[in-house]
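Novice: Just so it is clear, I am handing over input.cif, which has mmCIF, C-alpha atoms and all ligand atoms.
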data_data
loop_
_atom_site.label_atom_id
_atom_site.label_comp_id
_atom_site.auth_asym_id
_atom_site.auth_seq_id
_atom_site.Cartn_x
_atom_site.Cartn_y
_atom_site.Cartn_z
CA MET A 815 9.69 -6.41 9.81
CA ILE A 816 10.26 -5.68 6.14
CA LYS A 817 7.45 -6.61 3.77
CA ILE A 818 7.68 -6.43 0.00
CA SER A 819 4.39 -5.80 -1.76
CA PRO A 820 4.62 -5.87 -5.57
CA SER A 821 2.07 -3.54 -7.17
CA ILE A 822 0.10 -5.56 -9.68
CA LEU A 823 -0.63 -2.36 -11.60
CA SER A 824 2.47 -3.25 -13.61
CA CYS A 825 1.70 -6.96 -14.12
CA ASP A 826 0.52 -8.65 -17.31
CA TYR A 827 -3.27 -8.40 -16.94
CA SER A 828 -3.84 -11.18 -19.48
CA LYS A 829 -2.44 -13.75 -17.03
CA MET A 830 -2.91 -12.38 -13.56
CA GLY A 831 -3.17 -15.77 -11.86
CA GLU A 832 0.25 -16.76 -13.18
CA GLU A 833 1.69 -13.37 -12.29
CA PHE A 834 0.51 -13.76 -8.68
CA GLU A 835 2.16 -17.19 -8.48
CA ARG A 836 5.34 -15.76 -10.01
CA MET A 837 5.42 -13.11 -7.24
CA LYS A 838 4.90 -15.75 -4.57
CA ILE A 839 7.79 -17.90 -5.73
CA SER A 840 9.89 -14.75 -6.08
CA GLY A 841 9.49 -14.09 -2.36
CA ALA A 842 6.77 -11.40 -2.20
CA ASP A 843 5.13 -11.03 1.21
CA TRP A 844 2.00 -9.20 0.07
CA LEU A 845 0.34 -8.28 -3.21
CA HIS A 846 -0.50 -4.61 -3.63
CA ILE A 847 -3.75 -4.21 -5.56
CA ASP A 848 -4.46 -0.68 -6.82
CA VAL A 849 -8.15 0.14 -7.16
CA MET A 850 -8.87 3.38 -9.06
CA ASP A 851 -12.29 4.79 -9.85
CA GLY A 852 -11.49 7.42 -12.50
CA HIS A 853 -12.78 10.07 -10.09
CA PHE A 854 -10.46 10.21 -7.10
CA VAL A 855 -7.62 9.67 -9.57
CA PRO A 856 -7.62 10.07 -13.36
CA ASN A 857 -7.37 6.34 -14.12
CA ILE A 858 -9.60 3.25 -13.80
CA THR A 859 -8.26 -0.18 -12.88
CA LEU A 860 -10.30 -2.96 -11.32
CA GLY A 861 -12.97 -3.62 -8.73
CA ALA A 862 -14.20 -6.13 -6.16
CA PRO A 863 -15.54 -8.77 -8.64
CA LEU A 864 -12.10 -9.24 -10.17
CA ILE A 865 -10.41 -9.35 -6.74
CA LYS A 866 -12.88 -12.07 -5.74
CA CYS A 867 -11.74 -14.20 -8.71
CA LEU A 868 -8.08 -13.46 -8.07
CA ARG A 869 -8.48 -14.54 -4.46
CA LYS A 870 -8.70 -18.12 -5.75
CA CYS A 871 -5.28 -17.76 -7.40
CA SER A 872 -3.20 -16.71 -4.40
CA ASP A 873 -2.89 -17.10 -0.67
CA LEU A 874 -0.63 -14.06 -0.27
CA VAL A 875 -1.93 -11.12 1.77
CA PHE A 876 -4.08 -8.89 -0.45
CA ASP A 877 -3.01 -5.33 0.28
CA VAL A 878 -5.79 -3.33 -1.35
CA HIS A 879 -5.07 0.35 -2.01
CA LEU A 880 -8.36 2.11 -2.64
CA MET A 881 -7.95 5.28 -4.70
CA ILE A 882 -11.67 5.91 -4.81
CA SER A 883 -13.83 8.85 -3.74
CA ASP A 884 -16.25 7.01 -1.45
CA PRO A 885 -14.47 4.04 0.16
CA TYR A 886 -17.07 3.69 2.94
CA LYS A 887 -19.70 2.65 0.40
CA TYR A 888 -17.55 -0.09 -1.14
CA ILE A 889 -15.62 -1.47 1.87
CA PRO A 890 -18.05 -4.41 2.40
CA ASP A 891 -17.60 -5.47 -1.24
CA PHE A 892 -13.81 -5.45 -1.00
CA ILE A 893 -13.85 -7.32 2.29
CA LYS A 894 -16.19 -9.97 0.87
CA ALA A 895 -13.90 -10.22 -2.17
CA GLY A 896 -10.97 -11.17 0.07
CA ALA A 897 -9.00 -8.03 0.94
CA ASP A 898 -6.77 -8.49 4.00
CA VAL A 899 -5.33 -4.99 4.40
CA VAL A 900 -7.78 -2.27 3.38
CA CYS A 901 -6.17 1.09 2.71
CA PHE A 902 -8.08 4.23 1.79
CA HIS A 903 -7.17 7.89 1.46
CA VAL A 904 -7.63 10.48 4.17
CA GLU A 905 -8.45 12.87 1.27
CA SER A 906 -11.46 10.77 0.18
CA ASP A 907 -15.04 11.99 0.73
CA SER A 908 -15.91 9.30 3.29
CA ASP A 909 -15.96 9.89 7.04
CA THR A 910 -12.49 8.67 8.07
CA GLU A 911 -13.40 7.39 11.53
CA LYS A 912 -16.50 5.53 10.35
CA THR A 913 -14.60 3.94 7.48
CA ILE A 914 -11.78 2.75 9.77
CA ASP A 915 -14.34 1.32 12.19
CA LEU A 916 -16.11 -0.53 9.38
CA ILE A 917 -12.86 -2.19 8.30
CA ARG A 918 -11.93 -3.12 11.86
CA GLU A 919 -15.37 -4.54 12.63
CA SER A 920 -14.77 -6.98 9.77
CA GLY A 921 -11.56 -8.16 11.43
CA LYS A 922 -9.36 -6.70 8.68
CA VAL A 923 -6.38 -4.37 8.94
CA ALA A 924 -7.32 -0.71 8.47
CA ALA A 925 -4.78 1.50 6.72
CA LEU A 926 -4.84 5.17 5.83
CA ALA A 927 -3.00 6.78 2.91
CA VAL A 928 -1.79 10.34 2.35
CA LYS A 929 -1.15 11.96 -1.02
CA PRO A 930 2.05 13.99 -1.49
CA GLY A 931 0.27 17.30 -0.84
CA THR A 932 -1.23 16.20 2.50
CA GLU A 933 0.52 16.78 5.82
CA ILE A 934 1.29 13.62 7.77
CA GLU A 935 -0.47 15.09 10.83
CA ALA A 936 -3.75 14.34 9.02
CA VAL A 937 -3.47 10.70 10.12
CA TYR A 938 -2.51 11.41 13.75
CA PRO A 939 -6.06 11.36 15.16
CA TYR A 940 -6.50 7.78 13.94
CA LEU A 941 -3.11 6.16 14.67
CA GLU A 942 -4.34 4.02 17.57
CA LYS A 943 -6.88 2.31 15.31
CA LEU A 944 -4.64 1.78 12.30
CA GLY A 945 -2.46 -1.17 11.34
CA MET A 946 -0.63 0.79 8.68
CA VAL A 947 -0.13 4.25 7.20
CA LEU A 948 0.73 4.64 3.52
CA VAL A 949 2.89 7.61 2.56
CA MET A 950 2.64 8.18 -1.20
CA THR A 951 5.86 9.12 -2.95
CA VAL A 952 4.14 9.87 -6.28
CA GLU A 953 0.78 11.43 -7.13
CA PRO A 954 -1.59 8.44 -7.11
CA GLY A 955 -2.94 7.30 -10.46
CA PHE A 956 -0.17 5.71 -12.47
CA GLY A 957 2.82 3.40 -12.16
CA GLY A 958 6.30 4.23 -13.35
CA GLN A 959 6.51 7.82 -12.02
CA SER A 960 9.57 9.40 -10.41
CA PHE A 961 10.15 8.98 -6.70
CA MET A 962 9.57 12.09 -4.57
CA ALA A 963 12.42 12.16 -2.05
CA ASP A 964 10.94 15.26 -0.42
CA MET A 965 8.30 13.00 1.22
CA MET A 966 10.93 11.46 3.53
CA PRO A 967 10.43 13.97 6.37
CA LYS A 968 6.80 12.80 6.61
CA ILE A 969 7.96 9.21 7.18
CA VAL A 970 10.54 10.30 9.76
CA LYS A 971 7.94 12.38 11.63
CA LEU A 972 5.41 9.56 11.60
CA ARG A 973 7.93 6.99 12.85
CA GLU A 974 8.85 9.36 15.70
CA GLU A 975 5.21 9.95 16.56
CA CYS A 976 4.56 6.18 16.64
CA LYS A 977 7.54 5.68 18.96
CA ARG A 978 6.32 8.48 21.20
CA ARG A 979 2.92 6.77 21.49
CA ASN A 980 4.44 3.30 21.76
CA LEU A 981 2.76 2.09 18.58
CA SER A 982 4.40 -0.36 16.23
CA LEU A 983 2.35 0.17 13.11
CA ASP A 984 3.57 -0.54 9.61
CA ILE A 985 4.63 2.40 7.47
CA GLN A 986 4.18 1.73 3.78
CA VAL A 987 5.69 3.66 0.94
CA ASP A 988 4.30 3.57 -2.60
CA GLY A 989 5.59 5.17 -5.79
CA GLY A 990 8.97 5.02 -7.47
CA VAL A 991 10.43 2.52 -5.02
CA SER A 992 13.36 0.75 -6.69
CA LEU A 993 16.83 -0.59 -5.94
CA SER A 994 18.13 2.97 -6.09
CA THR A 995 15.52 4.53 -3.74
CA VAL A 996 14.80 1.72 -1.28
CA GLU A 997 17.54 2.66 1.17
CA THR A 998 16.25 6.22 1.35
CA VAL A 999 12.76 5.07 2.37
CA ALA A 1000 14.00 2.42 4.80
CA GLU A 1001 16.35 4.88 6.47
CA ALA A 1002 13.41 7.25 6.92
CA GLY A 1003 11.46 4.46 8.66
CA ALA A 1004 9.23 2.77 6.08
CA ASN A 1005 9.06 -1.04 6.40
CA VAL A 1006 6.38 -2.02 3.86
CA LEU A 1007 7.69 -1.43 0.38
CA VAL A 1008 5.42 -1.29 -2.65
CA ALA A 1009 7.11 -1.57 -6.03
CA GLY A 1010 5.40 -1.98 -9.38
CA SER A 1011 7.65 -1.23 -12.33
CA ALA A 1012 10.84 -2.07 -10.40
CA ILE A 1013 9.65 -5.65 -9.80
CA PHE A 1014 7.50 -6.45 -12.85
CA GLY A 1015 9.93 -4.65 -15.15
CA SER A 1016 12.83 -6.66 -13.79
CA GLU A 1017 14.27 -9.61 -15.70
CA ASP A 1018 14.68 -11.41 -12.41
CA PRO A 1019 11.94 -10.43 -9.93
CA LYS A 1020 13.25 -12.89 -7.34
CA GLU A 1021 16.63 -11.19 -7.31
CA THR A 1022 15.02 -7.74 -7.22
CA ILE A 1023 12.79 -8.66 -4.27
CA THR A 1024 15.74 -10.20 -2.43
CA LEU A 1025 17.87 -7.10 -3.00
CA LEU A 1026 15.06 -4.73 -2.00
CA ARG A 1027 14.67 -6.66 1.24
CA GLU A 1028 18.41 -6.81 1.94
CA LYS A 1029 18.97 -3.12 1.27
CA ALA A 1030 16.01 -2.14 3.49
CA ALA A 1031 16.99 -4.56 6.27
CA LYS A 1032 20.16 -2.58 6.99
CA TYR A 1033 18.02 0.06 8.67
CA PHE A 1034 15.89 -2.22 10.86
C1 LIG A 1101 0.16 4.61 -8.00
C2 LIG A 1101 -0.05 3.29 -7.32
C3 LIG A 1101 1.20 2.54 -7.10
C4 LIG A 1101 1.96 2.21 -8.36
C5 LIG A 1101 3.43 2.16 -8.05
O1 LIG A 1101 -1.00 5.34 -7.91
O2 LIG A 1101 -0.65 3.48 -6.07
O3 LIG A 1101 0.97 1.38 -6.34
O4 LIG A 1101 1.57 1.01 -8.96
O5 LIG A 1101 4.12 1.95 -9.22
P1 LIG A 1101 5.69 2.17 -9.30
O6 LIG A 1101 6.31 1.28 -8.30
O7 LIG A 1101 5.98 1.80 -10.72
O8 LIG A 1101 5.92 3.62 -9.03
ZN ZN A 1102 -0.69 1.78 -4.69
#
Written as structure tokens, how would this file's structure read?
Specialist:
Amino acid sequence: MIKISPSILSCDYSKMGEEFERMKISGADWLHIDVMDGHFVPNITLGAPLIKCLRKCSDLVFDVHLMISDPYKYIPDFIKAGADVVCFHVESDSDTEKTIDLIRESGKVAALAVKPGTEIEAVYPYLEKLGMVLVMTVEPGFGGQSFMADMMPKIVKLREECKRRNLSLDIQVDGGVSLSTVETVAEAGANVLVAGSAIFGSEDPKETITLLREKAAKYF
């Protein structure tokens, strides 16, 4: 099933509650919330206290993408704040297995992300425990970067591996997803589409979300 998850990195931070509502009425399935610590990536965004406040503004699924060095330490805070899908990087300093277990023990969906330079096989040992894998198509840290089409073989390989193991997990793609790249990622096998600048920079987000979904749906 296709899910569209607008990245709020590109929203108007002075009126986030309204922006979340605008995404809901535009047909978003999830909200992608990018958490950056200025250490794992060279940018700082927001943390659990703000997510806790934002939780009151929206009932959409909070898809929290943790670009932080020590996710294990902060997972309980993000779960208490209202995260539904908790995604962290396999390249982080935390013990991957322990961090996945911590998320699952809280009844939330555990997801693992890979940066462009990391082989997709890095997530294979954990697939049975994951609800989603995020394949980055830009270097994490900033919105509005160019889409890296050379990441597609990783998505194809992962989809094949999931089929081989009879797993139906979500494959998410994040970075440079737009009306001109969405078919490429859907054809490769990604079904959860994050888009920041393409949606928030659009004059008509509802139309953009509808078109993203329609273009992707051709491949599922
Ligand atoms: C980048 C973030 C992305 C980003 C995507 O580090 O993880 O979620 O907001 O932005 P666009 O869609 O503009 O590339
Ligand atoms: Zn992200």
Novice: Work out how far CA of Ile889 in chain A is from CA of Glu942 in chain A, in Å to one decimal.
Specialist: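 About the pair CA of Glu942 in chain A and CA of Ile889 in chain A: they are 20.1 Å apart.
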Novice: Would you mind reading off the distance between CA of Glu905 in chain A and CA of Gly931 in chain A, one decimal, in Å?
Specialist: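 So the answer is 10.0 Å.
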Novice: Neighbours of ligand LIG 1101 (chain A) within 9 Å, counting all atoms listed in the file, as an MDAnalysis selection string?
Specialist: chainID A and resid 820:824 846:850 855 857 879:881 950:961 987:992 1008:1015
Novice: Emit the selected residues as an mmCIF file, in the coordinates of the input, including C-alpha atoms.
Specialist:
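File produced: result21.cif:
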data_model
loop_
_atom_site.group_PDB
_atom_site.id
_atom_site.type_symbol
_atom_site.label_atom_id
_atom_site.label_comp_id
_atom_site.auth_asym_id
_atom_site.auth_seq_id
_atom_site.Cartn_x
_atom_site.Cartn_y
_atom_site.Cartn_z
ATOM 1 C CA PRO A 820 4.620 -5.870 -5.570
ATOM 2 C CA SER A 821 2.070 -3.540 -7.170
ATOM 3 C CA ILE A 822 0.100 -5.560 -9.680
ATOM 4 C CA LEU A 823 -0.630 -2.360 -11.600
ATOM 5 C CA SER A 824 2.470 -3.250 -13.610
ATOM 6 C CA HIS A 846 -0.500 -4.610 -3.630
ATOM 7 C CA ILE A 847 -3.750 -4.210 -5.560
ATOM 8 C CA ASP A 848 -4.460 -0.680 -6.820
ATOM 9 C CA VAL A 849 -8.150 0.140 -7.160
ATOM 10 C CA MET A 850 -8.870 3.380 -9.060
ATOM 11 C CA VAL A 855 -7.620 9.670 -9.570
ATOM 12 C CA ASN A 857 -7.370 6.340 -14.120
ATOM 13 C CA HIS A 879 -5.070 0.350 -2.010
ATOM 14 C CA LEU A 880 -8.360 2.110 -2.640
ATOM 15 C CA MET A 881 -7.950 5.280 -4.700
ATOM 16 C CA MET A 950 2.640 8.180 -1.200
ATOM 17 C CA THR A 951 5.860 9.120 -2.950
ATOM 18 C CA VAL A 952 4.140 9.870 -6.280
ATOM 19 C CA GLU A 953 0.780 11.430 -7.130
ATOM 20 C CA PRO A 954 -1.590 8.440 -7.110
ATOM 21 C CA GLY A 955 -2.940 7.300 -10.460
ATOM 22 C CA PHE A 956 -0.170 5.710 -12.470
ATOM 23 C CA GLY A 957 2.820 3.400 -12.160
ATOM 24 C CA GLY A 958 6.300 4.230 -13.350
ATOM 25 C CA GLN A 959 6.510 7.820 -12.020
ATOM 26 C CA SER A 960 9.570 9.400 -10.410
ATOM 27 C CA PHE A 961 10.150 8.980 -6.700
ATOM 28 C CA VAL A 987 5.690 3.660 0.940
ATOM 29 C CA ASP A 988 4.300 3.570 -2.600
ATOM 30 C CA GLY A 989 5.590 5.170 -5.790
ATOM 31 C CA GLY A 990 8.970 5.020 -7.470
ATOM 32 C CA VAL A 991 10.430 2.520 -5.020
ATOM 33 C CA SER A 992 13.360 0.750 -6.690
ATOM 34 C CA VAL A 1008 5.420 -1.290 -2.650
ATOM 35 C CA ALA A 1009 7.110 -1.570 -6.030
ATOM 36 C CA GLY A 1010 5.400 -1.980 -9.380
ATOM 37 C CA SER A 1011 7.650 -1.230 -12.330
ATOM 38 C CA ALA A 1012 10.840 -2.070 -10.400
ATOM 39 C CA ILE A 1013 9.650 -5.650 -9.800
ATOM 40 C CA PHE A 1014 7.500 -6.450 -12.850
ATOM 41 C CA GLY A 1015 9.930 -4.650 -15.150
#
Novice: Which distance in Å separates CA of Ser994 in chain A and CA of Leu874 in chain A, to one decimal?
Specialist: 26.0 Å
Novice: With only C-alpha atoms and all ligand atoms as the basis for distance, which of A:Val970, A:Ala862, A:Ile882, A:Leu1026 is at the shortest distance from ligand ZN 1102 (chain A)?
Specialist: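 Using only C-alpha atoms and all ligand atoms, the shortest distance to ligand ZN 1102 (chain A) belongs to A:Ile882.
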Novice: Pick from A:Ala1030, A:Ala936, A:Pro1019, A:Val949: nearest to Arg836 in chain A, with all atoms listed in the file counted?
Specialist: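 Of A:Ala1030, A:Ala936, A:Pro1019, A:Val949, the one nearest Arg836 in chain A, counting all atoms listed in the file, is A:Pro1019.
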Novice: Which of these residues is nearest to Asp964 in chain A, using all atoms listed in the file: A:Ser1016, A:Val878, A:Val999, A:Ser872?
Specialist: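 Once distances to Asp964 in chain A are computed over all atoms listed in the file, the minimum belongs to A:Val999.
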Novice: Under the rule that all atoms listed in the file are counted, which of A:Leu1025, A:Ile839, A:Leu948, A:Ala897 is the nearest residue to ligand ZN 1102 (chain A)?
Specialist: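 Looking only at the distances to ligand ZN 1102 (chain A), the closest residue turns out to be A:Leu948.
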